[in-house]
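Peer 1: Here it is, the structure, as structure tokens.
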Amino acid sequence: MAKVSMTVNGKKVSADVEDRTLLVHYLREAQGLTGTHVGCDTSQCGACVVHVNGKAVKSCTMLAAQASGATVTTIEGLANGADLHPVQAAFREHHGLQCGFCTPGMIMAAVDMIERHGANLDEATIRHELEGNICRCTGYHNIVKAIKAAADQMASMRTAAE
């Protein structure tokens, strides 16, 4: 058994877990954060994307023990109370989801993408960076549109704050 301690969505947490426990299972089972989904168990679908120390990571490819001491953000940690994160709001506004199963991973990947590229995101870059996130319901058009809209909005918010 390994003792893991980390900060998840701003809250310090710890638990004893089996050495082979994946981060996705730790988040879902030990922390009750079920927004992070287990989709394929092979790291192909991206439904399990979370942020570890500010970077998008497929949590089905990382042991919980590897995240010990890290800061982890899940889909539940993006919103500010009742106020959705701009990417969450853009997905809702631009119909960037259907069944919703892939949506948390898509949103977490999109936030990371926007943080790295800012308003310089174009459709080709968005589509390229989403290759590790699979949606079986949509043609990605509205997902791409939502990410671009969120990137533009977040860039204008940064400009207004400066």
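Residues in the structure tokens are named by chain (A, B, ... in the order shown) and by number from 1 within that chain; ligands are numbered from 1 in the order shown.
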When you look at Val52 (chain A) with a cut-off of 10 Å (counting only C-alpha atoms), what residues show up, excluding the ones that are within fewer than 5 positions of it in the same chain? I need them as a list of chain:residue names.
Peer 2: A:Thr7, A:Val8, A:Val57, A:Lys58, A:Ser59, A:Ala67, A:Ala70, A:Thr71, A:Val72, A:Thr73, A:Thr74
Peer 1: Would you export the selected residues with C-alpha atoms as a JSON list (two decimals), in the first residue's frame, please?
Peer 2:
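Produced file again-v5.json, reproduced below:
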```
[["chain", "number", "residue", "atom", "x", "y", "z"],
["A", 7, "THR", "CA", -4.08, 18.82, -3.65],
["A", 8, "VAL", "CA", -7.22, 18.10, -5.67],
["A", 57, "VAL", "CA", -2.66, 14.31, -18.41],
["A", 58, "LYS", "CA", -4.62, 11.18, -19.20],
["A", 59, "SER", "CA", -5.24, 9.98, -15.67],
["A", 67, "ALA", "CA", 0.75, 12.25, -8.49],
["A", 70, "ALA", "CA", 1.06, 17.28, -7.08],
["A", 71, "THR", "CA", -1.77, 19.70, -7.66],
["A", 72, "VAL", "CA", -4.59, 18.03, -9.58],
["A", 73, "THR", "CA", -7.55, 19.77, -11.17],
["A", 74, "THR", "CA", -10.56, 17.80, -12.38]]
```
Peer 1: Could you make a table, as a Markdown table, of the residues of region 11-113 of chain A that have an atom within 9 Å of an atom of region 124-135 of chain A, each with its nearest atom pair and distance in Å to one decimal, counting only C-alpha atoms, in chain and number order?
Peer 2:
```
| residue | atom | partner | partner_atom | distance |
| --- | --- | --- | --- | --- |
| A:Ser43 | CA | A:Gly132 | CA | 8.2 |
| A:Gln44 | CA | A:Gly132 | CA | 6.2 |
| A:Cys45 | CA | A:Ile134 | CA | 4.8 |
| A:Gly46 | CA | A:Asn133 | CA | 4.3 |
| A:Ala47 | CA | A:Asn133 | CA | 6.8 |
| A:Val49 | CA | A:Asn133 | CA | 8.8 |
| A:Leu97 | CA | A:Cys135 | CA | 8.7 |
| A:Phe101 | CA | A:Cys135 | CA | 8.2 |
| A:Cys102 | CA | A:Cys135 | CA | 5.9 |
| A:Thr103 | CA | A:Cys135 | CA | 8.2 |
| A:Gly105 | CA | A:Asn133 | CA | 7.2 |
| A:Met106 | CA | A:Asn133 | CA | 6.4 |
| A:Ala109 | CA | A:Leu130 | CA | 7.5 |
| A:Ala110 | CA | A:Leu130 | CA | 8.1 |
| A:Met113 | CA | A:Glu129 | CA | 7.5 |
```
Peer 1: Please save N, CA and C atoms of the selected residues as a short mmCIF file (atom, residue, chain, number, x, y, z; two decimals), in the first residue's frame.
Peer 2:
```cif
data_model
loop_
_atom_site.label_atom_id
_atom_site.label_comp_id
_atom_site.auth_asym_id
_atom_site.auth_seq_id
_atom_site.Cartn_x
_atom_site.Cartn_y
_atom_site.Cartn_z
N SER A 43 -5.77 4.53 -22.89
CA SER A 43 -5.29 5.90 -23.10
C SER A 43 -5.57 6.44 -24.49
N GLN A 44 -6.53 5.88 -25.18
CA GLN A 44 -6.85 6.32 -26.53
C GLN A 44 -7.95 7.39 -26.59
N CYS A 45 -8.88 7.40 -25.62
CA CYS A 45 -10.09 8.21 -25.80
C CYS A 45 -10.04 9.59 -25.17
N GLY A 46 -9.26 9.79 -24.12
CA GLY A 46 -9.16 11.11 -23.50
C GLY A 46 -10.27 11.47 -22.54
N ALA A 47 -11.18 10.55 -22.24
CA ALA A 47 -12.27 10.86 -21.32
C ALA A 47 -11.77 11.09 -19.90
N VAL A 49 -8.99 12.89 -18.99
CA VAL A 49 -8.02 13.99 -18.89
C VAL A 49 -8.29 14.86 -17.66
N LEU A 97 -21.43 19.27 -27.12
CA LEU A 97 -21.57 17.96 -26.49
C LEU A 97 -22.87 17.33 -26.95
N PHE A 101 -20.39 12.09 -22.33
CA PHE A 101 -19.40 11.20 -21.74
C PHE A 101 -17.98 11.71 -21.96
N CYS A 102 -17.67 12.17 -23.15
CA CYS A 102 -16.31 12.65 -23.46
C CYS A 102 -16.10 14.10 -23.02
N THR A 103 -17.16 14.80 -22.71
CA THR A 103 -17.10 16.24 -22.46
C THR A 103 -16.12 16.66 -21.37
N GLY A 105 -13.30 15.31 -20.39
CA GLY A 105 -11.95 15.20 -20.94
C GLY A 105 -11.68 16.21 -22.03
N MET A 106 -12.68 16.44 -22.87
CA MET A 106 -12.55 17.45 -23.94
C MET A 106 -12.32 18.83 -23.33
N ALA A 109 -8.85 19.09 -21.78
CA ALA A 109 -7.84 19.21 -22.85
C ALA A 109 -7.90 20.60 -23.48
N ALA A 110 -9.11 21.13 -23.65
CA ALA A 110 -9.28 22.46 -24.24
C ALA A 110 -8.69 23.55 -23.36
N MET A 113 -5.03 23.47 -23.78
CA MET A 113 -4.71 23.97 -25.12
C MET A 113 -4.76 25.50 -25.16
#
```
Peer 1: Region 17-152 of chain A: which residues are helix (DSSP H, G or I) by DSSP, as a CSV table (one decimal) with N, CA and C atoms, in the first residue's frame?
Peer 2:
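Written out: selection_16.csv:
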```
chain,number,residue,atom,x,y,z
A,23,LEU,N,-4.5,7.0,-11.2
A,23,LEU,CA,-5.0,8.3,-10.8
A,23,LEU,C,-6.5,8.4,-11.0
A,24,VAL,N,-6.9,8.0,-12.2
A,24,VAL,CA,-8.4,8.1,-12.5
A,24,VAL,C,-9.2,7.3,-11.5
A,25,HIS,N,-8.8,6.1,-11.0
A,25,HIS,CA,-9.5,5.4,-10.0
A,25,HIS,C,-9.4,6.0,-8.7
A,26,TYR,N,-8.3,6.6,-8.3
A,26,TYR,CA,-8.1,7.3,-7.1
A,26,TYR,C,-9.1,8.5,-7.0
A,27,LEU,N,-9.2,9.2,-8.1
A,27,LEU,CA,-10.1,10.4,-8.1
A,27,LEU,C,-11.5,10.0,-8.0
A,28,ARG,N,-11.9,9.0,-8.8
A,28,ARG,CA,-13.3,8.5,-8.8
A,28,ARG,C,-13.7,7.8,-7.5
A,29,GLU,N,-12.9,6.9,-7.0
A,29,GLU,CA,-13.3,6.0,-5.9
A,29,GLU,C,-12.9,6.6,-4.6
A,30,ALA,N,-11.7,7.0,-4.4
A,30,ALA,CA,-11.2,7.6,-3.1
A,30,ALA,C,-11.7,9.0,-2.8
A,64,ALA,N,-1.6,6.8,-9.1
A,64,ALA,CA,-1.9,7.8,-8.1
A,64,ALA,C,-0.7,8.1,-7.3
A,65,ALA,N,0.2,7.2,-7.1
A,65,ALA,CA,1.4,7.4,-6.3
A,65,ALA,C,2.3,8.4,-7.1
A,66,GLN,N,2.3,8.4,-8.4
A,66,GLN,CA,3.1,9.3,-9.2
A,66,GLN,C,2.6,10.8,-9.0
A,67,ALA,N,1.3,10.9,-8.7
A,67,ALA,CA,0.8,12.3,-8.5
A,67,ALA,C,0.9,12.7,-7.1
A,75,ILE,N,-12.5,18.2,-13.7
A,75,ILE,CA,-13.6,19.0,-14.3
A,75,ILE,C,-14.4,19.6,-13.1
A,76,GLU,N,-14.6,19.0,-12.0
A,76,GLU,CA,-15.3,19.5,-10.9
A,76,GLU,C,-14.6,20.8,-10.3
A,77,GLY,N,-13.3,21.0,-10.6
A,77,GLY,CA,-12.6,22.1,-10.0
A,77,GLY,C,-12.5,23.3,-10.9
A,86,PRO,N,-15.1,29.6,-18.6
A,86,PRO,CA,-15.4,30.0,-19.9
A,86,PRO,C,-15.4,28.8,-20.9
A,87,VAL,N,-14.6,27.8,-20.8
A,87,VAL,CA,-14.7,26.7,-21.7
A,87,VAL,C,-16.0,25.9,-21.5
A,88,GLN,N,-16.3,25.7,-20.2
A,88,GLN,CA,-17.6,25.0,-19.9
A,88,GLN,C,-18.8,25.8,-20.5
A,89,ALA,N,-18.8,27.1,-20.3
A,89,ALA,CA,-19.9,27.9,-20.9
A,89,ALA,C,-19.9,27.9,-22.4
A,90,ALA,N,-18.7,27.9,-23.0
A,90,ALA,CA,-18.7,27.8,-24.5
A,90,ALA,C,-19.2,26.5,-25.0
A,91,PHE,N,-18.9,25.4,-24.3
A,91,PHE,CA,-19.4,24.1,-24.8
A,91,PHE,C,-20.9,24.1,-24.7
A,92,ARG,N,-21.5,24.7,-23.6
A,92,ARG,CA,-22.9,24.7,-23.5
A,92,ARG,C,-23.5,25.6,-24.6
A,93,GLU,N,-22.9,26.8,-24.8
A,93,GLU,CA,-23.5,27.8,-25.7
A,93,GLU,C,-23.4,27.3,-27.2
A,103,THR,N,-17.2,14.8,-22.7
A,103,THR,CA,-17.1,16.2,-22.5
A,103,THR,C,-16.1,16.7,-21.4
A,104,PRO,N,-16.1,16.0,-20.2
A,104,PRO,CA,-15.1,16.5,-19.2
A,104,PRO,C,-13.7,16.4,-19.7
A,105,GLY,N,-13.3,15.3,-20.4
A,105,GLY,CA,-11.9,15.2,-20.9
A,105,GLY,C,-11.7,16.2,-22.0
A,106,MET,N,-12.7,16.4,-22.9
A,106,MET,CA,-12.5,17.5,-23.9
A,106,MET,C,-12.3,18.8,-23.3
A,107,ILE,N,-13.1,19.2,-22.3
A,107,ILE,CA,-13.0,20.5,-21.7
A,107,ILE,C,-11.6,20.6,-21.0
A,108,MET,N,-11.2,19.6,-20.3
A,108,MET,CA,-9.9,19.7,-19.7
A,108,MET,C,-8.8,19.8,-20.7
A,109,ALA,N,-8.8,19.1,-21.8
A,109,ALA,CA,-7.8,19.2,-22.9
A,109,ALA,C,-7.9,20.6,-23.5
A,110,ALA,N,-9.1,21.1,-23.6
A,110,ALA,CA,-9.3,22.5,-24.2
A,110,ALA,C,-8.7,23.6,-23.4
A,111,VAL,N,-8.9,23.5,-22.1
A,111,VAL,CA,-8.4,24.5,-21.1
A,111,VAL,C,-6.8,24.5,-21.2
A,112,ASP,N,-6.2,23.3,-21.3
A,112,ASP,CA,-4.8,23.2,-21.4
A,112,ASP,C,-4.3,23.8,-22.7
A,113,MET,N,-5.0,23.5,-23.8
A,113,MET,CA,-4.7,24.0,-25.1
A,113,MET,C,-4.8,25.5,-25.2
A,114,ILE,N,-5.8,26.1,-24.6
A,114,ILE,CA,-6.0,27.5,-24.6
A,114,ILE,C,-4.9,28.2,-23.7
A,115,GLU,N,-4.5,27.6,-22.6
A,115,GLU,CA,-3.5,28.1,-21.8
A,115,GLU,C,-2.1,28.2,-22.5
A,116,ARG,N,-1.9,27.2,-23.3
A,116,ARG,CA,-0.6,27.1,-24.1
A,116,ARG,C,-0.6,28.0,-25.3
A,117,HIS,N,-1.8,28.1,-26.0
A,117,HIS,CA,-1.8,28.8,-27.3
A,117,HIS,C,-2.5,30.2,-27.3
A,118,GLY,N,-3.4,30.4,-26.3
A,118,GLY,CA,-4.1,31.6,-26.2
A,118,GLY,C,-5.0,31.8,-27.4
A,119,ALA,N,-5.2,33.1,-27.8
A,119,ALA,CA,-6.1,33.4,-28.9
A,119,ALA,C,-5.5,33.0,-30.3
A,120,ASN,N,-4.2,32.5,-30.3
A,120,ASN,CA,-3.6,32.1,-31.5
A,120,ASN,C,-4.1,30.7,-32.0
A,123,GLU,N,-8.5,26.6,-36.2
A,123,GLU,CA,-9.3,25.3,-36.3
A,123,GLU,C,-8.3,24.1,-36.5
A,124,ALA,N,-7.3,24.3,-37.4
A,124,ALA,CA,-6.4,23.2,-37.6
A,124,ALA,C,-5.6,22.8,-36.4
A,125,THR,N,-5.2,23.7,-35.6
A,125,THR,CA,-4.5,23.4,-34.3
A,125,THR,C,-5.4,22.8,-33.3
A,126,ILE,N,-6.6,23.3,-33.2
A,126,ILE,CA,-7.6,22.7,-32.3
A,126,ILE,C,-7.8,21.2,-32.7
A,127,ARG,N,-8.1,21.0,-34.0
A,127,ARG,CA,-8.4,19.6,-34.4
A,127,ARG,C,-7.2,18.7,-34.2
A,128,HIS,N,-6.0,19.2,-34.5
A,128,HIS,CA,-4.7,18.4,-34.3
A,128,HIS,C,-4.6,18.0,-32.8
A,129,GLU,N,-4.8,19.0,-31.9
A,129,GLU,CA,-4.6,18.8,-30.5
A,129,GLU,C,-5.7,17.9,-29.9
A,130,LEU,N,-6.8,17.8,-30.5
A,130,LEU,CA,-7.9,17.0,-30.0
A,130,LEU,C,-7.8,15.5,-30.5
A,131,GLU,N,-6.7,15.2,-31.2
A,131,GLU,CA,-6.6,13.8,-31.8
A,131,GLU,C,-6.6,12.8,-30.7
A,132,GLY,N,-6.2,13.1,-29.5
A,132,GLY,CA,-6.2,12.2,-28.4
A,132,GLY,C,-7.5,12.1,-27.6
A,141,HIS,N,-17.4,19.5,-35.1
A,141,HIS,CA,-17.5,20.9,-35.5
A,141,HIS,C,-17.9,21.8,-34.4
A,142,ASN,N,-18.9,21.4,-33.6
A,142,ASN,CA,-19.3,22.3,-32.5
A,142,ASN,C,-18.3,22.3,-31.3
A,143,ILE,N,-17.6,21.2,-31.2
A,143,ILE,CA,-16.5,21.2,-30.2
A,143,ILE,C,-15.4,22.2,-30.5
A,144,VAL,N,-15.0,22.1,-31.8
A,144,VAL,CA,-14.0,23.1,-32.3
A,144,VAL,C,-14.5,24.5,-32.1
A,145,LYS,N,-15.7,24.7,-32.5
A,145,LYS,CA,-16.3,26.1,-32.5
A,145,LYS,C,-16.3,26.6,-31.0
A,146,ALA,N,-16.7,25.7,-30.1
A,146,ALA,CA,-16.7,26.1,-28.7
A,146,ALA,C,-15.3,26.4,-28.1
A,147,ILE,N,-14.3,25.6,-28.5
A,147,ILE,CA,-13.0,25.9,-28.0
A,147,ILE,C,-12.4,27.2,-28.6
A,148,LYS,N,-12.7,27.4,-29.8
A,148,LYS,CA,-12.2,28.7,-30.4
A,148,LYS,C,-12.9,29.9,-29.8
A,149,ALA,N,-14.2,29.8,-29.5
A,149,ALA,CA,-15.0,30.9,-28.9
A,149,ALA,C,-14.4,31.1,-27.5
A,150,ALA,N,-14.1,30.0,-26.7
A,150,ALA,CA,-13.6,30.2,-25.4
A,150,ALA,C,-12.2,30.8,-25.4
A,151,ALA,N,-11.4,30.4,-26.4
A,151,ALA,CA,-10.0,31.0,-26.5
A,151,ALA,C,-10.1,32.5,-26.7
A,152,ASP,N,-11.0,32.9,-27.6
A,152,ASP,CA,-11.2,34.3,-27.9
A,152,ASP,C,-11.7,35.0,-26.7
```
Peer 1: Among chain A, which ones does DSSP assign to strand (DSSP E) (computed from the backbone)? Answer as a list in words.
Peer 2: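 Residues of chain A classed as strand (DSSP E): Ala2, Lys3, Val4, Ser5, Met6, Thr7, Val8, Lys11, Lys12, Val13, Ser14, Ala15, Asp16, Val17, Val49, Val50, His51, Val52, Lys55, Ala56, Val57, Lys58, Thr71, Val72 and Thr73 of chain A.
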Peer 1: Just to confirm, what's the straight-line distance from CA of Lys3 (chain A) to CA of Ala15 (chain A) in Å (one decimal)?
Peer 2: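 That distance, rounded to one decimal, is 5.7 Å.
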Peer 1: Please determine, counting only C-alpha atoms, which residue among A:Gly32, A:Leu22, A:Asp83, A:Cys137 has the shortest atom-to-atom distance to Cys48 (chain A).
Peer 2: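 Closest to Cys48 (chain A) of all the choices is A:Leu22.
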Peer 1: From the set A:Thr159, A:Asn9, A:Ser14, A:Thr34, which residue has the shortest atom-to-atom contact distance to Gly69 (chain A), counting only C-alpha atoms?
Peer 2: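 So, comparing all the options, the nearest one is A:Ser14.
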